[in-house]
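One file, upload_21.cif, is given below (mmCIF, C-alpha atoms).
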data_model
loop_
_atom_site.label_atom_id
_atom_site.label_comp_id
_atom_site.auth_asym_id
_atom_site.auth_seq_id
_atom_site.Cartn_x
_atom_site.Cartn_y
_atom_site.Cartn_z
CA MET A 204 9.68 49.00 -21.47
CA ARG A 205 12.79 50.11 -23.25
CA SER A 206 13.59 52.74 -20.72
CA LEU A 207 13.01 50.21 -17.97
CA LEU A 208 15.60 47.91 -19.55
CA GLN A 209 17.99 50.83 -19.90
CA PHE A 210 17.43 51.67 -16.27
CA LEU A 211 18.15 48.09 -15.23
CA ALA A 212 21.26 47.90 -17.43
CA ARG A 213 22.60 51.17 -16.06
CA PHE A 214 22.29 50.10 -12.43
CA HIS A 215 22.87 46.38 -12.92
CA VAL A 216 25.62 46.28 -10.29
CA PHE A 217 23.36 47.82 -7.69
CA PHE A 218 20.51 45.43 -8.47
CA LEU A 219 22.87 42.47 -8.35
CA PHE A 220 24.05 43.74 -4.95
CA LEU A 221 20.46 44.00 -3.74
CA ALA A 222 19.65 40.49 -5.03
CA LEU A 223 22.64 38.90 -3.29
CA GLU A 224 21.87 40.74 -0.04
CA ILE A 225 18.26 39.54 -0.18
CA ILE A 226 19.42 35.94 -0.69
CA SER A 227 21.73 36.32 2.33
CA LEU A 228 18.91 37.79 4.43
CA ILE A 229 16.61 34.92 3.52
CA LEU A 230 19.32 32.50 4.62
CA ILE A 231 19.79 34.37 7.91
CA VAL A 232 16.08 34.62 8.69
CA ASN A 233 15.33 30.99 7.86
CA TYR A 234 18.20 30.05 10.05
CA ASN A 235 16.80 32.12 12.92
CA ASN A 236 13.77 29.83 12.95
CA PHE A 237 16.11 26.92 13.48
CA GLN A 238 14.99 25.68 10.06
CA ARG A 239 18.51 25.21 8.86
CA VAL A 240 19.38 25.02 5.23
CA ARG A 241 20.34 21.40 5.21
CA PHE A 242 23.63 21.61 3.42
CA LEU A 243 24.93 24.75 5.05
CA ASN A 244 26.11 23.45 8.35
CA SER A 245 29.31 22.04 9.68
CA SER A 246 28.10 18.46 9.89
CA ASN A 247 28.32 18.19 6.12
CA ARG A 248 30.92 15.90 4.68
CA ILE A 249 33.67 18.18 3.37
CA SER A 250 33.94 20.77 6.12
CA ALA A 251 33.54 18.14 8.84
CA SER A 252 36.35 15.96 7.52
CA ILE A 253 38.66 18.98 7.28
CA TYR A 254 37.75 19.87 10.87
CA GLU A 255 38.48 16.32 11.94
CA MET A 256 41.95 16.36 10.38
CA SER A 257 42.74 19.61 12.14
CA SER A 258 41.31 18.33 15.41
CA ASN A 259 43.35 15.11 15.23
CA LEU A 260 46.46 17.25 15.05
CA THR A 261 45.67 19.61 17.93
CA HIS A 262 44.15 16.77 19.95
CA TYR A 263 47.55 15.17 20.30
CA PHE A 264 48.89 18.08 22.32
CA GLN A 265 46.03 17.92 24.83
CA LEU A 266 46.33 14.22 25.66
CA ARG A 267 47.83 14.83 29.07
CA ARG A 268 45.01 17.05 30.29
CA ILE A 269 42.37 14.77 28.76
CA ASN A 270 43.88 11.76 30.51
CA GLU A 271 43.64 13.56 33.82
CA GLU A 272 40.00 14.46 33.20
CA LEU A 273 39.09 10.91 32.26
CA ALA A 274 40.94 9.51 35.28
CA THR A 275 38.98 11.85 37.57
CA GLU A 276 35.70 10.82 36.00
CA ASN A 277 36.72 7.17 36.27
CA ALA A 278 37.44 7.58 39.97
CA ALA A 279 34.05 9.20 40.54
CA LEU A 280 32.30 6.34 38.74
CA GLN A 281 34.24 3.75 40.75
CA THR A 282 33.06 5.41 43.94
CA LYS A 283 29.46 5.25 42.77
CA LEU A 284 29.84 1.62 41.79
CA GLN A 285 31.16 0.74 45.25
CA LYS A 286 28.13 2.36 46.86
CA LEU A 287 25.78 0.48 44.53
CA GLN A 288 27.43 -2.82 45.36
CA VAL A 289 26.89 -2.19 49.04
CA VAL A 290 23.21 -1.53 48.37
CA ASP A 291 23.04 -4.66 46.26
CA ILE A 292 24.08 -6.94 49.10
CA PHE A 293 21.17 -5.83 51.24
CA SER A 294 18.54 -5.99 48.52
CA GLN A 295 19.19 -8.80 46.13
CA ALA A 296 15.70 -8.68 44.71
CA ASP A 297 15.73 -4.94 43.99
CA THR A 298 16.92 -4.61 40.40
CA SER A 299 15.36 -1.24 39.67
CA VAL A 300 18.76 0.46 39.51
CA ILE A 301 20.21 -2.04 37.07
CA SER A 302 17.17 -2.44 34.87
CA ASP A 303 16.69 1.28 34.30
CA THR A 304 17.85 1.40 30.69
CA THR A 305 16.06 4.59 29.69
CA TYR A 306 19.30 6.33 28.88
CA GLN A 307 22.31 5.05 26.97
CA PHE A 308 25.60 6.87 26.54
CA ILE A 309 27.66 6.99 23.35
CA PRO A 310 31.23 8.32 23.76
CA ALA A 311 32.41 10.85 21.15
CA ARG A 312 34.91 13.63 20.64
CA ILE A 313 34.36 17.32 19.87
CA ILE A 314 36.18 18.18 16.64
CA ASN A 315 35.01 21.76 16.30
CA ASN A 316 33.87 24.20 18.95
CA SER A 317 33.62 27.93 19.55
CA VAL A 318 32.94 30.18 22.56
CA ASN A 319 33.29 33.70 21.17
CA LYS A 320 30.18 34.04 18.97
CA GLN A 321 26.59 34.76 19.92
CA TYR A 322 25.49 31.38 18.56
CA ASN A 323 28.10 28.72 19.29
CA TYR A 324 27.97 25.18 17.97
CA VAL A 325 29.91 21.96 18.51
CA THR A 326 30.70 19.35 15.86
CA LEU A 327 31.22 15.71 16.94
CA ASN A 328 33.16 12.90 15.23
CA LYS A 329 30.25 10.43 15.43
CA GLY A 330 27.17 10.35 13.24
CA ARG A 331 24.14 8.34 12.14
CA LEU A 332 26.18 5.17 11.64
CA ASP A 333 27.22 5.31 15.30
CA GLY A 334 23.60 5.54 16.40
CA ILE A 335 23.42 9.31 16.84
CA GLU A 336 20.14 11.05 16.02
CA PRO A 337 18.83 14.61 16.30
CA ASP A 338 17.48 15.71 19.74
CA MET A 339 20.04 13.77 21.75
CA GLY A 340 21.82 15.56 24.60
CA ILE A 341 25.59 16.04 24.90
CA ILE A 342 27.22 15.84 28.33
CA GLY A 343 30.90 16.19 29.27
CA PRO A 344 32.93 15.08 32.29
CA ASN A 345 31.77 18.22 34.15
CA GLY A 346 28.15 18.36 33.08
CA VAL A 347 25.83 19.51 30.31
CA VAL A 348 27.44 20.63 27.03
CA GLY A 349 24.67 20.91 24.43
CA MET A 350 22.42 18.94 22.11
CA ILE A 351 22.46 17.41 18.61
CA THR A 352 20.40 18.99 15.85
CA ASN A 353 22.13 17.90 12.65
CA VAL A 354 23.42 14.43 11.80
CA SER A 355 25.28 13.14 8.77
CA ALA A 356 26.66 9.63 8.22
CA HIS A 357 29.87 10.13 10.21
CA TYR A 358 29.44 13.48 11.97
CA SER A 359 26.92 15.45 13.94
CA SER A 360 26.58 19.00 15.21
CA GLY A 361 24.35 21.17 17.34
CA PRO A 362 24.20 24.17 19.69
CA SER A 363 26.20 24.19 22.93
CA ILE A 364 24.87 25.94 26.05
CA LEU A 365 26.71 28.99 24.71
CA ASN A 366 24.04 29.55 22.09
CA LYS A 367 21.41 32.24 22.58
CA ARG A 368 18.82 30.21 20.67
CA TRP A 369 18.94 27.22 23.01
CA ARG A 370 17.48 26.76 26.50
CA VAL A 371 17.69 23.85 28.88
CA SER A 372 15.28 22.94 31.66
CA ALA A 373 17.18 23.17 34.97
CA LYS A 374 16.40 22.93 38.67
CA ILE A 375 17.96 23.80 42.00
CA LYS A 376 19.26 20.61 43.54
CA LYS A 377 18.35 21.26 47.17
CA ASN A 378 14.66 22.15 46.70
CA SER A 379 13.84 21.02 43.13
CA TYR A 380 12.36 24.33 41.97
CA PHE A 381 12.86 24.39 38.21
CA GLY A 382 13.31 27.08 35.59
CA SER A 383 14.88 27.57 32.22
CA LEU A 384 18.59 28.16 31.76
CA PHE A 385 19.93 30.21 28.86
CA TRP A 386 23.12 31.99 27.86
CA GLY A 387 23.21 35.79 27.79
CA GLY A 388 25.85 36.01 25.09
CA ASN A 389 28.65 37.71 27.01
CA ASP A 390 30.81 35.39 29.06
CA SER A 391 31.47 31.72 28.31
CA GLN A 392 31.64 30.91 32.04
CA TYR A 393 28.19 32.15 33.04
CA ALA A 394 24.59 31.45 32.07
CA GLN A 395 21.30 32.80 33.43
CA LEU A 396 18.48 30.89 35.12
CA ASN A 397 15.03 32.42 35.28
CA GLU A 398 11.43 31.53 36.16
CA ILE A 399 12.48 30.94 39.80
CA PRO A 400 9.76 32.65 41.92
CA PHE A 401 10.64 35.01 44.80
CA HIS A 402 9.49 32.77 47.64
CA VAL A 403 12.17 30.19 46.88
CA GLU A 404 15.15 30.38 49.20
CA LEU A 405 18.39 30.69 47.26
CA ALA A 406 21.98 30.76 48.46
CA LEU A 407 25.23 31.47 46.69
CA GLY A 408 26.88 28.22 45.67
CA ASP A 409 23.64 26.22 45.31
CA THR A 410 24.02 23.47 42.73
CA ILE A 411 22.01 23.66 39.50
CA ILE A 412 21.22 20.35 37.75
CA THR A 413 19.06 19.23 34.83
CA SER A 414 15.40 18.76 35.70
CA GLY A 415 14.75 15.69 33.56
CA TYR A 416 11.57 17.28 32.18
CA SER A 417 12.93 17.84 28.69
CA SER A 418 13.47 14.16 27.69
CA ILE A 419 16.85 15.17 26.24
CA PHE A 420 18.85 14.86 29.46
CA PRO A 421 18.37 12.49 32.37
CA GLU A 422 17.60 14.13 35.70
CA GLY A 423 20.48 15.30 37.87
CA ILE A 424 23.23 16.08 35.37
CA LEU A 425 25.37 18.91 36.75
CA ILE A 426 25.09 22.31 35.04
CA GLY A 427 26.76 24.73 37.45
CA VAL A 428 26.49 26.65 40.73
CA ILE A 429 24.78 29.92 41.62
CA GLU A 430 27.26 32.79 41.40
CA ASP A 431 24.85 35.58 42.35
CA PHE A 432 21.15 36.46 42.16
CA ASN A 433 18.88 39.49 42.50
CA HIS A 434 15.37 40.58 41.71
CA ASP A 435 14.59 43.64 39.67
CA SER A 436 11.69 45.73 40.88
CA GLY A 437 8.63 44.90 38.80
CA ALA A 438 9.91 41.49 37.77
CA ASN A 439 8.17 38.34 38.92
CA PHE A 440 11.20 36.10 39.02
CA TYR A 441 14.75 36.06 40.32
CA GLN A 442 17.61 36.86 37.98
CA VAL A 443 20.05 34.05 38.79
CA ASN A 444 23.60 34.07 37.44
CA VAL A 445 25.00 30.54 37.16
CA ARG A 446 28.69 29.70 36.90
CA LEU A 447 28.85 26.81 34.41
CA SER A 448 30.77 23.73 35.56
CA THR A 449 31.94 22.89 32.03
CA ASN A 450 34.91 24.80 30.69
CA PHE A 451 33.90 25.24 27.05
CA LYS A 452 37.34 26.49 26.05
CA THR A 453 39.02 23.14 26.75
CA ILE A 454 36.28 20.53 26.41
CA SER A 455 37.11 17.55 24.21
CA HIS A 456 35.74 14.13 25.22
CA ILE A 457 31.98 13.97 25.73
CA GLU A 458 29.11 11.49 25.78
CA VAL A 459 25.92 11.62 23.75
CA VAL A 460 22.80 10.72 25.71
CA LYS A 461 20.33 8.45 23.95
CA ASN A 462 16.81 8.30 25.43
CA ASN A 463 15.45 4.89 24.44
CA PHE A 464 11.88 5.92 25.14
CA LEU A 465 12.04 9.37 23.54
CA GLU A 466 9.55 8.49 20.83
CA GLU A 467 7.12 6.91 23.26
CA GLN A 468 7.28 9.94 25.55
CA ASN A 469 6.82 12.39 22.66
CA ASN A 470 3.86 10.44 21.27
CA LEU A 471 2.20 10.49 24.65
CA GLU A 472 2.78 14.21 25.08
CA GLU A 473 1.41 14.93 21.61
CA GLN A 474 -1.89 13.41 22.68
CA ASN A 475 -2.06 16.06 25.39
CA ASP A 476 -1.53 18.79 22.82
CA ASN A 477 -4.37 17.41 20.71
CA ASP A 478 -6.89 17.85 23.51
CA MET B 97 46.65 34.89 -17.20
CA ILE B 98 46.29 31.23 -16.19
CA ARG B 99 49.10 31.72 -13.70
CA ASP B 100 47.32 34.68 -12.14
CA LEU B 101 44.10 32.68 -11.92
CA LEU B 102 45.91 29.84 -10.18
CA LYS B 103 47.57 32.29 -7.81
CA TYR B 104 44.24 33.79 -6.73
CA LEU B 105 42.70 30.34 -6.39
CA ILE B 106 45.48 29.21 -4.04
CA MET B 107 45.16 32.46 -2.08
CA LEU B 108 41.39 31.83 -1.74
CA VAL B 109 41.82 28.29 -0.41
CA VAL B 110 44.61 29.28 1.99
CA LEU B 111 42.64 32.25 3.36
CA VAL B 112 39.43 30.26 3.88
CA LEU B 113 41.27 27.43 5.65
CA LEU B 114 43.31 29.88 7.73
CA GLN B 115 40.11 31.62 8.78
CA ALA B 116 38.12 28.47 9.56
CA LEU B 117 40.82 26.48 11.31
CA ILE B 118 42.98 29.05 13.08
CA LEU B 119 41.58 32.58 13.23
CA ASN B 120 38.03 31.53 14.23
CA ASN B 121 39.58 29.89 17.28
CA ILE B 122 41.44 32.97 18.47
CA GLN B 123 39.76 34.34 21.57
CA PHE B 124 41.26 37.48 23.00
CA SER B 125 39.21 38.39 26.07
CA GLY B 126 36.39 36.21 24.82
CA TYR B 127 34.93 38.18 21.95
CA VAL B 128 37.57 39.55 19.60
CA ASN B 129 37.75 37.63 16.34
CA PRO B 130 39.83 38.78 13.33
CA TYR B 131 38.38 38.14 9.86
CA LEU B 132 41.43 38.05 7.62
CA TYR B 133 39.66 36.20 4.77
CA ILE B 134 38.32 39.47 3.32
CA LEU B 135 41.90 40.15 2.20
CA PHE B 136 40.99 38.14 -0.91
CA ILE B 137 38.43 40.74 -2.02
CA LEU B 138 40.80 43.61 -1.14
CA LEU B 139 43.63 42.25 -3.31
CA LEU B 140 41.71 41.48 -6.53
CA PRO B 141 43.01 43.47 -9.54
CA PHE B 142 41.60 46.96 -10.24
CA GLU B 143 40.04 45.93 -13.54
CA THR B 144 37.90 43.14 -12.00
CA PRO B 145 34.33 43.76 -13.24
CA ARG B 146 31.96 44.90 -10.51
CA TYR B 147 29.44 42.08 -10.98
CA LEU B 148 32.27 39.54 -10.65
CA LEU B 149 33.43 41.25 -7.44
CA LEU B 150 29.92 40.89 -6.01
CA PHE B 151 29.63 37.20 -6.93
CA MET B 152 33.06 36.45 -5.51
CA GLY B 153 32.23 38.33 -2.32
CA PHE B 154 28.99 36.40 -1.94
CA PHE B 155 30.54 32.97 -2.45
CA LEU B 156 33.60 33.75 -0.33
CA GLY B 157 31.29 34.74 2.53
CA LEU B 158 29.13 31.66 1.98
CA SER B 159 32.15 29.35 2.20
CA ILE B 160 33.08 30.90 5.57
CA ASP B 161 29.42 30.52 6.63
CA VAL B 162 29.54 26.80 5.89
CA PHE B 163 32.46 26.42 8.25
CA SER B 164 31.05 28.53 11.06
CA ASN B 165 27.38 27.45 10.95
CA THR B 166 26.10 30.93 10.15
CA PRO B 167 24.30 30.72 6.76
CA GLY B 168 24.01 34.18 5.20
CA ILE B 169 25.79 36.27 7.82
CA HIS B 170 29.26 36.35 6.29
CA ALA B 171 27.80 36.17 2.77
CA SER B 172 25.88 39.42 3.29
CA ALA B 173 28.83 41.21 4.87
CA THR B 174 31.33 40.23 2.17
CA THR B 175 28.84 41.14 -0.59
CA PHE B 176 28.53 44.55 1.05
CA LEU B 177 32.32 44.84 1.13
CA ALA B 178 32.60 43.90 -2.56
CA PHE B 179 29.93 46.48 -3.40
CA LEU B 180 31.78 49.25 -1.53
CA ARG B 181 35.25 48.45 -2.94
CA PRO B 182 35.01 50.35 -6.28
CA PHE B 183 33.54 53.44 -4.55
CA THR B 184 36.31 53.42 -1.95
CA ILE B 185 38.97 53.21 -4.66
CA ASP B 186 37.37 56.16 -6.49
CA LEU B 187 37.18 58.09 -3.23
CA ILE B 188 40.78 57.80 -2.11
CA SER B 189 42.74 57.87 -5.37
CA SER B 190 43.13 60.38 -8.18
CA ARG B 191 42.60 59.03 -11.70
CA ASP B 192 46.27 59.02 -12.66
CA ASN B 193 47.71 56.97 -9.84
CA ILE B 194 45.91 53.81 -10.88
CA GLU B 195 47.59 52.10 -13.78
CA VAL B 196 45.77 49.46 -15.75
CA SER B 197 46.89 45.93 -14.84
CA SER B 198 48.09 46.94 -11.40
CA THR B 199 46.69 45.52 -8.18
CA PRO B 200 45.72 47.26 -4.94
CA ARG B 201 48.75 46.15 -2.95
CA LEU B 202 50.95 47.93 -0.48
CA HIS B 203 54.17 47.81 -2.47
CA GLN B 204 52.44 49.15 -5.60
CA MET B 205 50.15 51.79 -4.13
CA GLY B 206 52.22 53.04 -1.19
CA PHE B 207 51.63 52.77 2.54
CA GLY B 208 49.33 55.78 2.95
CA TRP B 209 46.96 54.74 0.17
CA PHE B 210 46.83 51.11 1.26
CA MET B 211 46.25 52.06 4.89
CA ARG B 212 43.27 54.27 4.02
CA TYR B 213 41.91 51.60 1.66
CA THR B 214 42.13 48.85 4.31
CA LEU B 215 40.81 51.05 7.11
CA ILE B 216 37.63 52.09 5.30
CA LEU B 217 36.75 48.66 3.90
CA VAL B 218 37.60 46.59 6.98
CA LEU B 219 35.63 48.94 9.25
CA ALA B 220 32.62 48.85 6.91
CA HIS B 221 32.74 45.06 6.68
CA HIS B 222 33.13 44.42 10.40
CA LEU B 223 30.39 46.86 11.44
CA PHE B 224 28.01 45.28 8.93
CA LEU B 225 29.00 41.76 10.01
CA PHE B 226 28.64 42.25 13.76
CA PHE B 227 25.33 44.07 13.51
CA ILE B 228 23.91 41.47 11.11
CA GLU B 229 25.10 38.77 13.52
CA VAL B 230 23.24 40.11 16.56
CA PHE B 231 20.38 41.32 14.31
CA THR B 232 19.40 44.12 16.68
CA PHE B 233 20.50 47.58 17.76
CA ASP B 234 20.06 46.65 21.43
CA GLY B 235 23.40 46.84 23.19
CA PHE B 236 24.66 49.17 20.44
CA ILE B 237 27.82 50.21 22.27
CA TYR B 238 28.74 46.63 23.11
CA THR B 239 28.42 45.47 19.49
CA LEU B 240 30.20 48.58 18.29
CA SER B 241 33.17 47.98 20.57
CA ARG B 242 33.33 44.32 19.57
CA SER B 243 33.43 45.22 15.88
CA LEU B 244 36.00 48.03 16.37
CA LEU B 245 38.32 45.77 18.39
CA SER B 246 38.08 42.95 15.86
CA ALA B 247 38.53 45.40 12.99
CA SER B 248 41.74 46.84 14.42
CA PHE B 249 43.03 43.32 14.86
CA THR B 250 42.16 42.42 11.26
CA ILE B 251 43.82 45.60 9.96
CA VAL B 252 47.06 44.79 11.79
CA LEU B 253 47.03 41.27 10.33
CA ILE B 254 46.43 42.59 6.79
CA ILE B 255 49.27 45.13 7.00
CA VAL B 256 51.62 42.51 8.46
CA SER B 257 50.66 40.04 5.74
CA GLN B 258 51.57 42.65 3.12
CA PHE B 259 55.07 42.96 4.54
CA LEU B 260 55.60 39.24 5.08
CA ILE B 261 54.01 37.44 2.14
CA PHE B 262 52.98 39.80 -0.63
CA LYS B 263 56.12 41.96 -0.72
CA GLU B 264 57.56 40.45 -3.92
#
Spell out the structure here as structure tokens.
Amino acid sequence: MRSLLQFLARFHVFFLFLALEIISLILIVNYNNFQRVRFLNSSNRISASIYEMSSNLTHYFQLRRINEELATENAALQTKLQKLQVVDIFSQADTSVISDTTYQFIPARIINNSVNKQYNYVTLNKGRLDGIEPDMGIIGPNGVVGMITNVSAHYSSGPSILNKRWRVSAKIKKNSYFGSLFWGGNDSQYAQLNEIPFHVELALGDTIITSGYSSIFPEGILIGVIEDFNHDSGANFYQVNVRLSTNFKTISHIEVVKNNFLEEQNNLEEQNDND
Amino acid sequence: MIRDLLKYLIMLVVLVLLQALILNNIQFSGYVNPYLYILFILLLPFETPRYLLLFMGFFLGLSIDVFSNTPGIHASATTFLAFLRPFTIDLISSRDNIEVSSTPRLHQMGFGWFMRYTLILVLAHHLFLFFIEVFTFDGFIYTLSRSLLSASFTIVLIIVSQFLIFKE
């Protein structure tokens, strides 16, 4: 016993080192399972408010570009509205377009963002008090950005597409074949789409949109276009390289998608799992 | 003594904020990221007890983790750095050129000594950090080149900081 204590005392620095490394490893591994340690993420109060101060400052210098982006989006929405009004004249009784309130949009701003890590996250300046909850999608003026996983009173955060742990259900617009889209970790402009079988006809430049199967995003939100594709010998699916439509290096104003029937849909799907 | 404590505390806060708000947003060619915050561990006085070094390394790393959503990754790398520091000092200096109550700084230890000191520790830290981050040896060369590029960037920043701010 005594010699054991002596041994421990002699190498106490090394054992302390081992203990701290083991604590770190436990943190890392827990985190890998997406079971985040609740307090150690950037939606917590102190770090988020510091990020917001910094973002308010830098935000000011980007106003011009942001204005242009919002004006473009505004113009696109106006065009859509015009088309809808034309439809409306011919079918007064058809209110299916107007009464579809499955999805609501909450505007917010990105106050922290990264593109150069393997696991990139965004932090938003809206939180629980603004109606934001985990599992909501984030979309920008040019398409899908990410989803919310952590929410505090005034802030929220979650993975962007540029996060190797996150996948989004996507489909090819022209023929509706769907697969899963994920980021390979190298270039912030490209992501990979797989599970597209060989018999599907692909062409460079085909538009990739959300499939609507995941209940996080509505169907038809833009993700990107096909940059190139190939099939490895022995593989069952195409390797499709998708150029993302969102520029993650400059993104600022986004909308959070709220699915009003998320709970209902999940409850229904759980019953399937129970069978 | 109190003044020194205050000085290190200010340095800690400034380095963490600098890292979280500015350096983490630097993106040269997409994947080079300098980690200047480890300068805090490098500059602690020679007589700092080893257990204290380890604790400070751990909590410094953890504070960076909180800002970058990576629980444990920076903490493990900075703890490793703090563990290596005393061995590196023993390795590159003879007994008589370290005076008690001096600090490992460029203007006290000379350019050659400080360069070797920074080179060894920054390389060790960055290699550890980048491999812990990807958690695999797949794509070994890619991760290696990322860590070497970032390390050289960090080393330049540390040397420059010694000439600009800590020259006294």
Practice task
Write out as a VMD selection string the residues lying within 12 Å of A:Ile341, counting only C-alpha atoms and excluding same-chain residues fewer than 5 positions away.
Solution key: chain A and resid 307 to 313 324 to 327 329 335 to 336 346 to 352 359 to 364 371 419 to 421 424 426 449 454 to 462
Take the residues that were just selected and, keeping C-alpha atoms, output them as a compact mmCIF listing (two decimals), in the coordinates of the input.
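result22.txt, written as the output of this step:
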# COMPACT_ATOMS: atom_id res chain seq x y z
CA GLN A 307 22.31 5.05 26.97
CA PHE A 308 25.60 6.87 26.54
CA ILE A 309 27.66 6.99 23.35
CA PRO A 310 31.23 8.32 23.76
CA ALA A 311 32.41 10.85 21.15
CA ARG A 312 34.91 13.63 20.64
CA ILE A 313 34.36 17.32 19.87
CA TYR A 324 27.97 25.18 17.97
CA VAL A 325 29.91 21.96 18.51
CA THR A 326 30.70 19.35 15.86
CA LEU A 327 31.22 15.71 16.94
CA LYS A 329 30.25 10.43 15.43
CA ILE A 335 23.42 9.31 16.84
CA GLU A 336 20.14 11.05 16.02
CA GLY A 346 28.15 18.36 33.08
CA VAL A 347 25.83 19.51 30.31
CA VAL A 348 27.44 20.63 27.03
CA GLY A 349 24.67 20.91 24.43
CA MET A 350 22.42 18.94 22.11
CA ILE A 351 22.46 17.41 18.61
CA THR A 352 20.40 18.99 15.85
CA SER A 359 26.92 15.45 13.94
CA SER A 360 26.58 19.00 15.21
CA GLY A 361 24.35 21.17 17.34
CA PRO A 362 24.20 24.17 19.69
CA SER A 363 26.20 24.19 22.93
CA ILE A 364 24.87 25.94 26.05
CA VAL A 371 17.69 23.85 28.88
CA ILE A 419 16.85 15.17 26.24
CA PHE A 420 18.85 14.86 29.46
CA PRO A 421 18.37 12.49 32.37
CA ILE A 424 23.23 16.08 35.37
CA ILE A 426 25.09 22.31 35.04
CA THR A 449 31.94 22.89 32.03
CA ILE A 454 36.28 20.53 26.41
CA SER A 455 37.11 17.55 24.21
CA HIS A 456 35.74 14.13 25.22
CA ILE A 457 31.98 13.97 25.73
CA GLU A 458 29.11 11.49 25.78
CA VAL A 459 25.92 11.62 23.75
CA VAL A 460 22.80 10.72 25.71
CA LYS A 461 20.33 8.45 23.95
CA ASN A 462 16.81 8.30 25.43
What are the residues of chain A lining chain B at 10 Å or less? Count all atoms listed in the file, and put the answer as a tab-separated table (two decimals) with C-alpha atoms, keeping the file's coordinate frame.
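Below is the file that was written, selection_7.tsv:
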chain	number	residue	atom	x	y	z
A	215	HIS	CA	22.87	46.38	-12.92
A	216	VAL	CA	25.62	46.28	-10.29
A	217	PHE	CA	23.36	47.82	-7.69
A	218	PHE	CA	20.51	45.43	-8.47
A	219	LEU	CA	22.87	42.47	-8.35
A	220	PHE	CA	24.05	43.74	-4.95
A	221	LEU	CA	20.46	44.00	-3.74
A	223	LEU	CA	22.64	38.90	-3.29
A	224	GLU	CA	21.87	40.74	-0.04
A	225	ILE	CA	18.26	39.54	-0.18
A	226	ILE	CA	19.42	35.94	-0.69
A	227	SER	CA	21.73	36.32	2.33
A	228	LEU	CA	18.91	37.79	4.43
A	229	ILE	CA	16.61	34.92	3.52
A	230	LEU	CA	19.32	32.50	4.62
A	231	ILE	CA	19.79	34.37	7.91
A	232	VAL	CA	16.08	34.62	8.69
A	233	ASN	CA	15.33	30.99	7.86
A	234	TYR	CA	18.20	30.05	10.05
A	235	ASN	CA	16.80	32.12	12.92
A	239	ARG	CA	18.51	25.21	8.86
A	240	VAL	CA	19.38	25.02	5.23
A	242	PHE	CA	23.63	21.61	3.42
A	243	LEU	CA	24.93	24.75	5.05
A	244	ASN	CA	26.11	23.45	8.35
A	245	SER	CA	29.31	22.04	9.68
A	246	SER	CA	28.10	18.46	9.89
A	247	ASN	CA	28.32	18.19	6.12
A	249	ILE	CA	33.67	18.18	3.37
A	250	SER	CA	33.94	20.77	6.12
A	251	ALA	CA	33.54	18.14	8.84
A	253	ILE	CA	38.66	18.98	7.28
A	254	TYR	CA	37.75	19.87	10.87
A	257	SER	CA	42.74	19.61	12.14
A	258	SER	CA	41.31	18.33	15.41
A	315	ASN	CA	35.01	21.76	16.30
A	316	ASN	CA	33.87	24.20	18.95
A	317	SER	CA	33.62	27.93	19.55
A	318	VAL	CA	32.94	30.18	22.56
A	319	ASN	CA	33.29	33.70	21.17
A	320	LYS	CA	30.18	34.04	18.97
A	321	GLN	CA	26.59	34.76	19.92
A	322	TYR	CA	25.49	31.38	18.56
A	323	ASN	CA	28.10	28.72	19.29
A	324	TYR	CA	27.97	25.18	17.97
A	325	VAL	CA	29.91	21.96	18.51
A	360	SER	CA	26.58	19.00	15.21
A	361	GLY	CA	24.35	21.17	17.34
A	362	PRO	CA	24.20	24.17	19.69
A	388	GLY	CA	25.85	36.01	25.09
A	389	ASN	CA	28.65	37.71	27.01
A	390	ASP	CA	30.81	35.39	29.06
A	391	SER	CA	31.47	31.72	28.31
A	452	LYS	CA	37.34	26.49	26.05
Handout entry: Selection near B:Trp209, 8 Å with only C-alpha atoms, sequence-local residues under 4 positions removed, as a list in words
Key = Ile188, Ser189, Leu202, Met205 and Tyr213 of chain B
Problem - Residue members of the PyMOL selection byres ((chain A and resi 445) around 10) in the file shown, as a list in words - result: Leu384, Phe385, Trp386, Gln392, Tyr393, Ala394, Gln395, Leu396, Leu407, Gly408, Asp409, Thr410, Ile411, Ile426, Gly427, Val428, Ile429, Glu430, Asp431, Phe432, Gln442, Val443, Asn444, Arg446, Leu447 and Ser448 of chain A
Practice task
Translate the PyMOL selection byres ((chain B and resi 253) around 12), as applied to the file shown, into an explicit residue set as number ranges by chain.
Solution key: B: 115, 119, 129-135, 214, 218, 246-252, 254-261
Store the residues picked out above, limited to C-alpha atoms, as a tab-separated table (two decimals), in the frame of the given file.
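Contents of the output file out-v9.tsv:
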chain	number	residue	atom	x	y	z
B	115	GLN	CA	40.11	31.62	8.78
B	119	LEU	CA	41.58	32.58	13.23
B	129	ASN	CA	37.75	37.63	16.34
B	130	PRO	CA	39.83	38.78	13.33
B	131	TYR	CA	38.38	38.14	9.86
B	132	LEU	CA	41.43	38.05	7.62
B	133	TYR	CA	39.66	36.20	4.77
B	134	ILE	CA	38.32	39.47	3.32
B	135	LEU	CA	41.90	40.15	2.20
B	214	THR	CA	42.13	48.85	4.31
B	218	VAL	CA	37.60	46.59	6.98
B	246	SER	CA	38.08	42.95	15.86
B	247	ALA	CA	38.53	45.40	12.99
B	248	SER	CA	41.74	46.84	14.42
B	249	PHE	CA	43.03	43.32	14.86
B	250	THR	CA	42.16	42.42	11.26
B	251	ILE	CA	43.82	45.60	9.96
B	252	VAL	CA	47.06	44.79	11.79
B	254	ILE	CA	46.43	42.59	6.79
B	255	ILE	CA	49.27	45.13	7.00
B	256	VAL	CA	51.62	42.51	8.46
B	257	SER	CA	50.66	40.04	5.74
B	258	GLN	CA	51.57	42.65	3.12
B	259	PHE	CA	55.07	42.96	4.54
B	260	LEU	CA	55.60	39.24	5.08
B	261	ILE	CA	54.01	37.44	2.14
